[in-house]
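Here is work-v9.csv, consisting of CSV, C-alpha atoms and all ligand atoms:
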```csv
chain,number,residue,atom,x,y,z
C,451,MET,CA,0.0,0.0,0.0
C,452,ILE,CA,1.1,3.6,-0.7
C,453,LYS,CA,0.7,6.0,2.2
C,454,VAL,CA,-0.7,9.4,1.1
C,455,ASN,CA,-1.1,12.7,2.9
C,456,ALA,CA,-4.1,14.8,1.9
C,457,TYR,CA,-6.7,17.4,2.8
C,458,ALA,CA,-10.3,16.2,2.9
C,459,ALA,CA,-13.8,17.6,3.5
C,460,TYR,CA,-15.3,15.5,6.3
C,461,ASP,CA,-18.8,16.9,5.8
C,462,ALA,CA,-20.6,19.7,3.8
C,463,GLU,CA,-20.3,22.3,6.5
C,464,THR,CA,-16.8,22.3,8.1
C,465,PRO,CA,-13.5,23.4,6.6
C,466,LEU,CA,-11.2,20.9,4.9
C,467,LYS,CA,-8.7,19.3,7.3
C,468,PRO,CA,-5.6,17.0,7.0
C,469,PHE,CA,-6.4,13.3,6.1
C,470,GLU,CA,-4.2,10.3,5.7
C,471,PHE,CA,-5.1,7.3,3.6
C,472,GLU,CA,-3.5,4.5,1.5
C,473,ARG,CA,-3.6,3.9,-2.2
C,474,LYS,CA,-3.4,0.3,-3.5
C,475,ASP,CA,-0.1,-1.0,-4.8
C,476,LEU,CA,0.4,-0.3,-8.5
C,477,SER,CA,-1.4,-2.7,-10.9
C,478,PRO,CA,0.5,-3.6,-14.1
C,479,ASN,CA,-1.1,-0.9,-16.2
C,480,GLN,CA,-0.8,1.9,-13.8
C,481,ILE,CA,1.7,4.7,-13.2
C,482,GLN,CA,2.3,6.4,-9.8
C,483,ILE,CA,2.6,10.1,-9.9
C,484,GLU,CA,4.1,12.2,-7.1
C,485,ILE,CA,1.8,15.2,-7.3
C,486,LEU,CA,3.6,18.6,-7.6
C,487,TYR,CA,0.7,21.0,-8.3
C,488,SER,CA,-3.1,20.6,-8.0
C,489,GLY,CA,-5.5,23.3,-9.3
C,490,VAL,CA,-8.6,24.3,-7.4
C,491,CYS,CA,-11.8,24.1,-9.5
C,492,HIS,CA,-15.2,25.5,-8.4
C,493,SER,CA,-16.5,22.0,-8.9
C,494,ASP,CA,-14.4,21.0,-5.9
C,495,ILE,CA,-16.4,23.5,-3.8
C,496,HIS,CA,-19.8,22.4,-5.2
C,497,THR,CA,-18.9,18.8,-4.4
C,498,ALA,CA,-17.2,19.3,-1.0
C,499,ARG,CA,-20.3,21.2,0.1
C,500,SER,CA,-22.7,18.6,-1.3
C,501,GLU,CA,-24.3,21.3,-3.6
C,502,TRP,CA,-24.8,18.7,-6.3
C,503,GLY,CA,-26.2,16.0,-3.9
C,504,PRO,CA,-24.7,14.1,-1.0
C,505,ALA,CA,-20.9,13.7,-1.4
C,506,LYS,CA,-18.9,10.6,-0.3
C,507,TYR,CA,-17.0,11.7,2.8
C,508,PRO,CA,-14.2,12.0,3.6
C,509,LEU,CA,-13.8,13.7,0.2
C,510,VAL,CA,-10.3,14.5,-1.2
C,511,PRO,CA,-11.1,17.0,-4.1
C,512,GLY,CA,-8.7,18.0,-6.9
C,513,HIS,CA,-8.8,17.1,-10.6
C,514,GLU,CA,-6.2,19.3,-12.1
C,515,ILE,CA,-3.2,17.3,-11.3
C,516,VAL,CA,0.4,17.5,-12.5
C,517,GLY,CA,3.4,15.7,-11.1
C,518,ARG,CA,6.4,13.4,-11.8
C,519,ILE,CA,6.2,9.7,-12.4
C,520,VAL,CA,7.9,7.7,-9.6
C,521,ALA,CA,6.9,4.2,-10.5
C,522,VAL,CA,5.4,2.3,-13.5
C,523,GLY,CA,3.6,-1.1,-13.7
C,524,THR,CA,5.1,-3.9,-15.6
C,525,ASN,CA,2.7,-3.5,-18.7
C,526,VAL,CA,3.2,0.3,-19.0
C,527,THR,CA,4.6,1.4,-22.4
C,528,ALA,CA,3.6,5.0,-22.9
C,529,PHE,CA,5.2,6.5,-19.8
C,530,ALA,CA,8.5,6.2,-17.9
C,531,VAL,CA,9.8,7.0,-14.4
C,532,GLY,CA,11.1,10.5,-14.2
C,533,GLU,CA,8.7,12.0,-16.8
C,534,LEU,CA,6.0,14.5,-16.1
C,535,ALA,CA,2.3,13.4,-16.2
C,536,GLY,CA,-1.1,14.8,-15.6
C,537,VAL,CA,-4.5,13.6,-14.5
C,538,GLY,CA,-7.8,15.3,-15.1
C,539,CYS,CA,-11.4,14.8,-14.0
C,540,PHE,CA,-11.7,11.0,-14.5
C,541,VAL,CA,-9.5,8.0,-14.0
C,542,ASP,CA,-11.5,5.3,-15.7
C,543,SER,CA,-14.6,4.5,-17.8
C,544,CYS,CA,-16.2,1.4,-19.3
C,545,ARG,CA,-13.9,1.3,-22.3
C,546,HIS,CA,-16.4,-0.4,-24.6
C,547,CYS,CA,-19.4,1.9,-25.1
C,548,GLN,CA,-19.7,4.1,-28.2
C,549,SER,CA,-18.5,7.3,-26.4
C,550,CYS,CA,-15.4,5.4,-25.0
C,551,LYS,CA,-14.6,4.0,-28.4
C,552,GLU,CA,-14.9,7.5,-29.9
C,553,GLY,CA,-12.4,8.8,-27.3
C,554,GLU,CA,-15.1,10.8,-25.4
C,555,GLU,CA,-14.8,8.9,-22.1
C,556,GLN,CA,-16.3,11.8,-20.2
C,557,TYR,CA,-19.7,10.8,-21.8
C,558,CYS,CA,-19.2,7.1,-21.0
C,559,GLU,CA,-22.6,5.5,-21.2
C,560,GLU,CA,-21.9,3.5,-18.0
C,561,GLY,CA,-20.6,6.6,-16.3
C,562,MET,CA,-17.0,7.8,-16.0
C,563,THR,CA,-15.0,7.1,-12.8
C,564,GLY,CA,-14.4,10.5,-11.3
C,565,THR,CA,-11.0,11.3,-10.0
C,566,TYR,CA,-12.7,11.9,-6.7
C,567,ASN,CA,-16.2,11.3,-5.2
C,568,SER,CA,-16.4,8.0,-7.1
C,569,TYR,CA,-15.4,4.4,-6.6
C,570,ASP,CA,-12.7,2.4,-8.4
C,571,ARG,CA,-14.7,0.5,-11.0
C,572,GLY,CA,-16.4,-2.6,-9.7
C,573,THR,CA,-15.2,-2.0,-6.1
C,574,ASP,CA,-16.2,0.0,-3.0
C,575,ILE,CA,-12.8,1.6,-2.8
C,576,PRO,CA,-13.3,5.4,-3.0
C,577,THR,CA,-11.3,7.5,-5.5
C,578,TYR,CA,-9.4,10.4,-3.9
C,579,GLY,CA,-8.2,13.4,-5.9
C,580,GLY,CA,-5.3,15.8,-6.2
C,581,TYR,CA,-5.3,17.5,-2.8
C,582,SER,CA,-2.8,14.7,-2.0
C,583,THR,CA,0.8,13.8,-2.3
C,584,SER,CA,0.5,10.9,-4.7
C,585,ILE,CA,-2.0,9.3,-7.2
C,586,SER,CA,-1.9,6.1,-9.3
C,587,VAL,CA,-3.7,5.9,-12.6
C,588,ASP,CA,-4.0,3.6,-15.6
C,589,GLU,CA,-1.7,4.9,-18.2
C,590,LYS,CA,-4.6,5.2,-20.7
C,591,TYR,CA,-6.2,7.9,-18.4
C,592,ALA,CA,-3.0,9.9,-17.9
C,593,LEU,CA,-1.7,12.8,-20.0
C,594,HIS,CA,1.8,13.7,-21.2
C,595,ILE,CA,3.0,17.1,-19.9
C,596,SER,CA,5.5,19.3,-21.7
C,597,ASP,CA,8.5,20.4,-19.6
C,598,LYS,CA,8.6,23.6,-21.6
C,599,LEU,CA,5.8,25.4,-19.6
C,600,PRO,CA,5.7,26.4,-16.0
C,601,LEU,CA,4.1,23.4,-14.3
C,602,GLU,CA,1.9,25.4,-11.9
C,603,GLY,CA,0.3,27.1,-14.9
C,604,VAL,CA,-0.3,23.8,-16.6
C,605,ALA,CA,-2.2,22.1,-13.8
C,606,PRO,CA,-5.5,24.1,-14.5
C,607,LEU,CA,-5.4,23.0,-18.1
C,608,LEU,CA,-6.5,19.5,-17.0
C,609,CYS,CA,-10.0,20.8,-16.2
C,610,ALA,CA,-10.4,24.6,-16.8
C,611,GLY,CA,-8.4,24.3,-20.0
C,612,ILE,CA,-10.0,21.3,-21.7
C,613,THR,CA,-13.5,22.3,-20.5
C,614,THR,CA,-13.3,25.6,-22.5
C,615,TYR,CA,-11.1,24.3,-25.4
C,616,SER,CA,-13.5,21.4,-26.3
C,617,PRO,CA,-16.7,23.3,-27.0
C,618,LEU,CA,-14.9,26.1,-28.8
C,619,ARG,CA,-13.4,23.4,-31.1
C,620,HIS,CA,-16.7,21.6,-31.4
C,621,LEU,CA,-18.3,24.8,-32.6
C,622,LYS,CA,-15.3,25.5,-34.9
C,623,VAL,CA,-14.8,29.0,-33.4
C,624,GLY,CA,-12.4,31.1,-35.3
C,625,LYS,CA,-11.8,34.2,-37.3
C,626,GLY,CA,-15.0,36.1,-38.0
C,627,HIS,CA,-16.8,34.8,-34.9
C,628,LYS,CA,-17.9,37.1,-32.1
C,629,VAL,CA,-17.5,35.2,-28.8
C,630,ALA,CA,-18.6,36.4,-25.3
C,631,VAL,CA,-17.2,34.8,-22.2
C,632,LEU,CA,-19.5,35.0,-19.2
C,633,GLY,CA,-17.6,35.0,-15.8
C,634,LEU,CA,-13.9,35.7,-15.4
C,635,GLY,CA,-12.7,32.9,-13.1
C,636,GLY,CA,-10.8,29.7,-13.8
C,637,LEU,CA,-12.8,28.6,-16.8
C,638,GLY,CA,-13.5,32.1,-18.0
C,639,HIS,CA,-9.9,33.2,-18.3
C,640,MET,CA,-9.0,30.0,-20.3
C,641,ALA,CA,-12.0,30.6,-22.6
C,642,VAL,CA,-10.8,34.1,-23.3
C,643,LYS,CA,-7.3,32.8,-24.1
C,644,PHE,CA,-8.4,30.0,-26.4
C,645,ALA,CA,-11.1,32.0,-28.2
C,646,ALA,CA,-8.6,34.8,-28.9
C,647,SER,CA,-6.0,32.3,-29.9
C,648,PHE,CA,-8.4,30.7,-32.4
C,649,GLY,CA,-9.0,34.1,-34.0
C,650,ALA,CA,-12.4,35.1,-32.6
C,651,GLU,CA,-13.3,38.6,-31.5
C,652,VAL,CA,-13.7,38.2,-27.7
C,653,THR,CA,-15.9,40.2,-25.3
C,654,MET,CA,-15.6,39.6,-21.6
C,655,LEU,CA,-18.9,39.8,-19.7
C,656,SER,CA,-18.2,40.3,-16.0
C,657,THR,CA,-19.7,41.5,-12.7
C,658,SER,CA,-16.3,42.7,-11.5
C,659,PRO,CA,-15.1,46.1,-12.8
C,660,SER,CA,-11.7,45.4,-11.3
C,661,LYS,CA,-11.0,42.7,-13.8
C,662,GLU,CA,-11.2,44.8,-17.0
C,663,ALA,CA,-7.5,45.4,-17.4
C,664,ASP,CA,-6.7,41.8,-16.8
C,665,ALA,CA,-9.4,40.6,-19.3
C,666,ARG,CA,-7.8,42.7,-22.0
C,667,GLN,CA,-4.4,41.4,-21.0
C,668,LEU,CA,-5.7,37.8,-21.3
C,669,GLY,CA,-6.8,38.6,-24.9
C,670,ALA,CA,-10.3,40.0,-24.7
C,671,HIS,CA,-11.0,42.8,-27.2
C,672,ASN,CA,-13.9,44.2,-25.3
C,673,PHE,CA,-15.1,44.3,-21.7
C,674,ALA,CA,-18.7,44.7,-20.6
C,675,LEU,CA,-20.1,45.1,-17.1
C,676,ILE,CA,-23.2,42.9,-17.0
C,677,THR,CA,-24.5,44.7,-13.9
C,678,ASN,CA,-25.1,47.8,-16.0
C,679,PRO,CA,-28.5,47.7,-17.7
C,680,GLU,CA,-27.5,50.2,-20.4
C,681,VAL,CA,-24.5,48.1,-21.3
C,682,MET,CA,-26.6,45.0,-21.5
C,683,LYS,CA,-29.1,46.8,-23.8
C,684,SER,CA,-26.3,47.8,-26.1
C,685,LEU,CA,-25.2,44.2,-26.5
C,686,LEU,CA,-28.6,42.7,-27.5
C,687,ASN,CA,-28.2,40.3,-30.5
C,688,SER,CA,-24.4,40.6,-30.7
C,689,PHE,CA,-22.7,37.3,-30.3
C,690,ASP,CA,-22.4,34.0,-32.2
C,691,VAL,CA,-21.3,32.1,-29.1
C,692,ILE,CA,-21.6,32.8,-25.4
C,693,VAL,CA,-19.4,30.6,-23.1
C,694,ASN,CA,-21.3,30.6,-19.8
C,695,THR,CA,-19.0,29.8,-16.9
C,696,ILE,CA,-21.1,31.3,-14.0
C,697,SER,CA,-21.0,29.2,-10.9
C,698,ALA,CA,-23.8,30.8,-9.0
C,699,PRO,CA,-27.6,30.5,-9.8
C,700,HIS,CA,-28.7,32.9,-12.5
C,701,GLU,CA,-31.2,33.2,-15.3
C,702,TYR,CA,-29.9,32.1,-18.8
C,703,ASP,CA,-32.6,34.3,-20.4
C,704,THR,CA,-30.7,37.5,-19.5
C,705,TYR,CA,-27.7,36.4,-21.5
C,706,LEU,CA,-29.5,34.4,-24.3
C,707,ASN,CA,-30.8,37.7,-25.5
C,708,LEU,CA,-27.3,38.8,-26.3
C,709,LEU,CA,-27.0,36.0,-29.0
C,710,LYS,CA,-27.4,36.8,-32.7
C,711,LYS,CA,-29.7,34.7,-34.9
C,712,ASN,CA,-28.5,31.1,-34.8
C,713,GLY,CA,-26.3,31.9,-31.8
C,714,THR,CA,-25.3,29.3,-29.2
C,715,MET,CA,-24.9,29.6,-25.5
C,716,VAL,CA,-22.4,26.9,-24.2
C,717,VAL,CA,-23.4,26.1,-20.6
C,718,LEU,CA,-20.3,25.1,-18.6
C,719,GLY,CA,-21.1,26.4,-15.1
C,720,VAL,CA,-23.2,24.1,-12.9
C,721,PRO,CA,-25.0,26.3,-10.4
C,722,PRO,CA,-26.8,24.4,-7.7
C,723,ALA,CA,-30.2,25.7,-8.8
C,724,PRO,CA,-31.8,25.5,-12.3
C,725,SER,CA,-32.7,28.3,-14.6
C,726,VAL,CA,-36.0,28.9,-16.4
C,727,THR,CA,-35.7,29.6,-20.1
C,728,PRO,CA,-38.7,31.1,-22.0
C,729,ALA,CA,-39.3,29.3,-25.3
C,730,MET,CA,-39.7,32.7,-27.1
C,731,THR,CA,-36.1,33.7,-26.4
C,732,LEU,CA,-34.9,30.6,-28.3
C,733,ILE,CA,-37.5,30.5,-31.0
C,734,TRP,CA,-37.4,34.1,-32.2
C,735,LYS,CA,-33.8,33.9,-33.3
C,736,ARG,CA,-33.3,30.1,-33.6
C,737,ARG,CA,-30.9,30.3,-30.7
C,738,SER,CA,-29.5,27.1,-29.0
C,739,ILE,CA,-28.3,26.2,-25.5
C,740,MET,CA,-25.5,23.5,-25.6
C,741,GLY,CA,-24.0,21.8,-22.6
C,742,SER,CA,-20.4,20.5,-22.6
C,743,LEU,CA,-18.5,18.3,-20.1
C,744,ILE,CA,-14.7,18.6,-19.9
C,745,GLY,CA,-13.2,16.6,-22.7
C,746,GLY,CA,-11.9,13.1,-23.6
C,747,ILE,CA,-8.3,11.9,-23.1
C,748,LYS,CA,-7.4,12.3,-26.8
C,749,GLU,CA,-8.7,15.9,-27.0
C,750,THR,CA,-7.1,16.8,-23.6
C,751,GLN,CA,-3.7,15.7,-25.0
C,752,GLU,CA,-4.4,17.7,-28.2
C,753,MET,CA,-5.2,20.7,-26.0
C,754,LEU,CA,-2.0,20.3,-23.9
C,755,ASP,CA,0.1,20.0,-27.0
C,756,TYR,CA,-1.6,23.1,-28.5
C,757,CYS,CA,-0.8,25.0,-25.3
C,758,ALA,CA,2.8,23.9,-25.3
C,759,GLU,CA,3.1,25.0,-29.0
C,760,HIS,CA,1.4,28.3,-28.4
C,761,ASN,CA,2.8,29.0,-24.9
C,762,ILE,CA,-0.6,29.1,-23.3
C,763,THR,CA,-0.9,28.5,-19.5
C,764,SER,CA,-3.3,29.4,-16.8
C,765,ASP,CA,-2.7,32.6,-14.7
C,766,VAL,CA,-2.4,31.3,-11.2
C,767,GLU,CA,-2.0,32.2,-7.5
C,768,VAL,CA,0.1,29.5,-6.0
C,769,ILE,CA,-1.0,28.6,-2.4
C,770,ASP,CA,0.0,26.3,0.4
C,771,MET,CA,-2.4,23.4,1.1
C,772,ALA,CA,-3.4,24.9,4.4
C,773,TYR,CA,-4.7,28.0,2.6
C,774,ILE,CA,-7.4,26.0,0.9
C,775,ASN,CA,-10.4,27.1,3.0
C,776,GLU,CA,-9.6,30.8,2.5
C,777,ALA,CA,-9.2,30.1,-1.3
C,778,TYR,CA,-12.7,28.6,-1.3
C,779,GLU,CA,-14.2,31.6,0.4
C,780,ARG,CA,-12.4,34.0,-2.0
C,781,MET,CA,-13.6,32.0,-5.1
C,782,ILE,CA,-17.2,32.2,-3.8
C,783,LYS,CA,-16.7,36.0,-3.7
C,784,SER,CA,-15.3,36.0,-7.3
C,785,ASP,CA,-11.9,37.0,-5.8
C,786,VAL,CA,-9.7,34.8,-7.9
C,787,LYS,CA,-7.0,35.7,-10.4
C,788,TYR,CA,-7.5,33.4,-12.1
C,789,ARG,CA,-6.9,29.9,-10.6
C,790,PHE,CA,-5.6,28.9,-7.2
C,791,VAL,CA,-3.0,26.1,-7.5
C,792,ILE,CA,-1.8,24.2,-4.5
C,793,ASP,CA,2.0,23.7,-4.3
C,794,MET,CA,2.1,20.1,-2.9
C,795,ALA,CA,5.6,20.8,-1.5
C,796,SER,CA,3.6,22.6,1.2
C,797,MET,CA,2.4,19.2,2.4
C,798,LYS,CA,5.9,18.2,3.3
C,799,ASN,CA,6.5,21.3,5.6
C,801,LIG,P1,-14.6,30.4,-10.6
C,801,LIG,O1,-13.2,30.4,-10.9
C,801,LIG,O2,-15.1,30.5,-9.2
C,801,LIG,O3,-15.3,31.5,-11.6
C,801,LIG,C1,-16.7,31.8,-11.6
C,801,LIG,C2,-16.9,33.2,-12.1
C,801,LIG,O4,-18.3,33.4,-12.3
C,801,LIG,C3,-16.6,34.3,-11.1
C,801,LIG,O5,-15.2,34.6,-11.0
C,801,LIG,C4,-17.4,35.4,-11.5
C,801,LIG,O6,-16.7,36.1,-12.6
C,801,LIG,C5,-18.6,34.7,-12.1
C,801,LIG,N1,-19.8,34.8,-11.2
C,801,LIG,C6,-19.8,34.3,-9.9
C,801,LIG,N2,-21.0,34.5,-9.4
C,801,LIG,C7,-21.7,35.2,-10.3
C,801,LIG,C8,-23.1,35.7,-10.3
C,801,LIG,N3,-23.9,35.5,-9.3
C,801,LIG,N4,-23.5,36.3,-11.5
C,801,LIG,C9,-22.7,36.5,-12.5
C,801,LIG,N5,-21.4,36.0,-12.5
C,801,LIG,C10,-21.0,35.4,-11.4
C,801,LIG,O7,-15.3,29.0,-11.1
C,801,LIG,P2,-14.7,28.0,-12.2
C,801,LIG,O8,-13.8,27.0,-11.5
C,801,LIG,O9,-14.3,28.7,-13.4
C,801,LIG,O10,-16.0,27.1,-12.5
C,801,LIG,C11,-17.2,27.8,-13.1
C,801,LIG,C12,-18.4,26.8,-13.1
C,801,LIG,O11,-18.1,25.8,-14.1
C,801,LIG,C13,-18.6,26.0,-11.8
C,801,LIG,O12,-20.0,25.9,-11.6
C,801,LIG,C14,-18.0,24.7,-12.0
C,801,LIG,O13,-18.6,23.6,-11.3
C,801,LIG,C15,-18.3,24.5,-13.5
C,801,LIG,N6,-17.4,23.5,-14.2
C,801,LIG,C16,-18.0,22.8,-15.2
C,801,LIG,C17,-17.2,22.0,-16.0
C,801,LIG,C18,-17.8,21.2,-17.2
C,801,LIG,O14,-17.3,20.2,-17.6
C,801,LIG,N7,-18.9,21.7,-17.7
C,801,LIG,C19,-15.9,21.8,-15.7
C,801,LIG,C20,-15.3,22.6,-14.7
C,801,LIG,C21,-16.1,23.4,-13.9
C,801,LIG,P3,-16.8,37.7,-12.7
C,801,LIG,O15,-16.1,38.3,-11.5
C,801,LIG,O16,-16.1,38.0,-14.0
C,801,LIG,O17,-18.2,38.2,-12.7
C,802,ZN,ZN,-13.0,21.1,-12.6
C,803,ZN,ZN,-17.9,3.9,-21.8
```
Take the structure I supplied and represent it as structure tokens, if you would.
Amino acid sequence: MIKVNAYAAYDAETPLKPFEFERKDLSPNQIQIEILYSGVCHSDIHTARSEWGPAKYPLVPGHEIVGRIVAVGTNVTAFAVGELAGVGCFVDSCRHCQSCKEGEEQYCEEGMTGTYNSYDRGTDIPTYGGYSTSISVDEKYALHISDKLPLEGVAPLLCAGITTYSPLRHLKVGKGHKVAVLGLGGLGHMAVKFAASFGAEVTMLSTSPSKEADARQLGAHNFALITNPEVMKSLLNSFDVIVNTISAPHEYDTYLNLLKKNGTMVVLGVPPAPSVTPAMTLIWKRRSIMGSLIGGIKETQEMLDYCAEHNITSDVEVIDMAYINEAYERMIKSDVKYRFVIDMASMKN
């Protein structure tokens, strides 16, 4: 057994606290990664606080994981000890359904195995995520990480990066498209970077006036305060695509009206309460609402390679593990620039 130090939520109400557990010895197809950095996603907060239904406690969140390989199983061929590797939001899937065969394991018809808040397939052994010193994963569910980019900025690509890259690619966003990004947090800042990199004209839609200069620095061509009714009126029927990353409950309708004819709102945020959408808002301009869930292993590797080639990383605030509860409170107040990333060396102090 491999002894692991971690931080866990023990229930929905109290702060995360230190937690020790053991991971099983490596199976022949697995690699063991010493975790160096772990990003903090708003999904960690939703899950830790049981906002999406009862979580499995103790819960070790974290699905934006990068580190160095310290051991490989006897059947492993794609990875070697000493290399960098990453793990995203899932660590397994059924491997035989249509979605798995198509490389879109996140949509596995039997359900993907989450990196945390899940069970190892066919067992009652809980999966524990990246707020920990070590993780073991089947090589088929691990990612190759370039050593050219700063590692702490790469970690958030494993969720915030792929979650925004995938729908923009699916919609073939590029030159000539007007894209709006709703909410400038972890996902939002990566959506701005990718949409701008693909050649679109990008408008940042935010509740935080203090983020305007940063939004432009990240690649946004325009910035609009969505709390100002006059500004909202001026933007009616403007965008081909709106990437909605808002984590708190809100009405889609307010923003759907900013879409042009045939426009699409990509819903990425998962607020704990639903939104009511009047049929008229969609019908009168043939607008669509599309959901999108992270991305498959193949596309995640493609995104990581694209980032290495184009020098794209996440803008991060590196924190010690013990700062996690303050980081959660700050994220809930939208006070994040633009991803907290835990330096796992802080677990050794
Ligand atoms: P985050 O870093 O906390 O950013 C969320 C941003 O939303 C905030 O910074 C804020 O931006 C804006 N916002 C917050 N409350 C708002 C409100 N009441 N009205 C308008 N805007 C508000 O969160 P994240 O990690 O990017 O995650 C965003 C959401 O995506 C979460 O719900 C998360 O669970 C979900 N998610 C989904 C997937 C997927 O596969 N679909 C993957 C990862 C995460 P401004 O300051 O600019 O207003
Ligand atoms: Zn996430
Ligand atoms: Zn499957």
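Environment of ligand LIG 801 (chain C), defined as every protein or nucleic acid residue with an atom within 6 Å of it and counting all atoms listed in the file, comprises Cys491, His492, Ser493, Cys609, Ala610, Thr613, Gly633, Leu634, Gly635, Gly636, Leu637, Gly638, Ser656, Thr657, Ser658, Thr695, Ile696, Ser697, Ala698, Leu718, Gly719, Val720, Pro721, Ser742, Leu743, Ile744, Met781 and Ser784 of chain C.
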(request) Go through C:Thr563, C:Ser568, C:Thr653, C:Ser764 and flag the residue nearest Leu608 of chain C, using only C-alpha atoms for the distances. (result) C:Ser764
(message) So, with all atoms listed in the file as the atoms that count, which of C:Thr704, C:Ser477, C:Thr714, C:Ser647 lies closest to Val726 of chain C?
(response)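 Using all atoms listed in the file, the shortest distance to Val726 of chain C belongs to C:Thr704.
Counting all atoms listed in the file, the residue from C:His546, C:Gly523, C:Pro508, C:Gly579 that sits nearest to ligand ZN 802 (chain C) is C:Gly579.
Take atom CA of Glu472 of chain C and atom CA of Met451 of chain C: the distance between them is 5.9 Å.
Counting from atom CA of Gln482 of chain C, the distance to atom CA of Asp770 of chain C is 22.5 Å.
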(request) Figure out the distance between atom CA of Asn567 of chain C and atom CA of Arg619 of chain C, please, to one decimal in Å. (result) 28.7 Å
(request) Please provide the set of residues having any atom within 12 Å of Ile733 of chain C, restricted to all atoms listed in the file, with same-chain residues fewer than 2 positions apart removed, written as a PyMOL selection string. (result) chain C and resi 706-707+711-713+727-731+735-739
(request) For Ala645 of chain C, list every protein, DNA or RNA residue within 8 Å, evaluated using all atoms listed in the file, and leave out those in the same chain fewer than 4 positions away; present the list as a PyMOL selection string. (result) chain C and resi 618+623-624+629+641+649-652
Once you have the residues from the selection above, write them out as a short mmCIF file (atom, residue, chain, number, x, y, z; two decimals), in the frame of the given file, restricted to C-alpha atoms.
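Wrote result_1.cif, looks like this:
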```cif
data_model
loop_
_atom_site.label_atom_id
_atom_site.label_comp_id
_atom_site.auth_asym_id
_atom_site.auth_seq_id
_atom_site.Cartn_x
_atom_site.Cartn_y
_atom_site.Cartn_z
CA LEU C 618 -14.90 26.10 -28.80
CA VAL C 623 -14.80 29.00 -33.40
CA GLY C 624 -12.40 31.10 -35.30
CA VAL C 629 -17.50 35.20 -28.80
CA ALA C 641 -12.00 30.60 -22.60
CA GLY C 649 -9.00 34.10 -34.00
CA ALA C 650 -12.40 35.10 -32.60
CA GLU C 651 -13.30 38.60 -31.50
CA VAL C 652 -13.70 38.20 -27.70
#
```
(message) So that I can see what lies close to Gly561 of chain C, please list as a VMD selection string the residues with an atom at most 8 Å from it, counting only C-alpha atoms and leaving out residues fewer than 3 positions away in the same chain.
(response) chain C and resid 543 to 544 556 to 558
(message) Taking (-2.3, 15.5, -24.3) as a centre in this file's frame and 9 Å as the limit, can you find every polymer residue with an atom that close, using all atoms listed in the file, and give them as an NGL selection string?
(response) :C and (536 or 592-595 or 747-756)
(request) Find the residues near Ser582 of chain C: any atom within 7 Å, counting all atoms listed in the file, skip ones fewer than 4 places away on the same chain, and give them as a VMD selection string. (result) chain C and resid 454 to 457
(request) Choose the residue, out of C:Ile612, C:Ala528, C:Val587, C:Leu486, that has the smallest atom-to-atom separation from ligand ZN 802 (chain C); count all atoms listed in the file. (result) C:Ile612
(message) Here is a test: counting all atoms listed in the file, which residue of C:Gly517, C:Pro504, C:Gly572, C:Gly489 is nearest to ligand ZN 802 (chain C)?
(response) C:Gly489
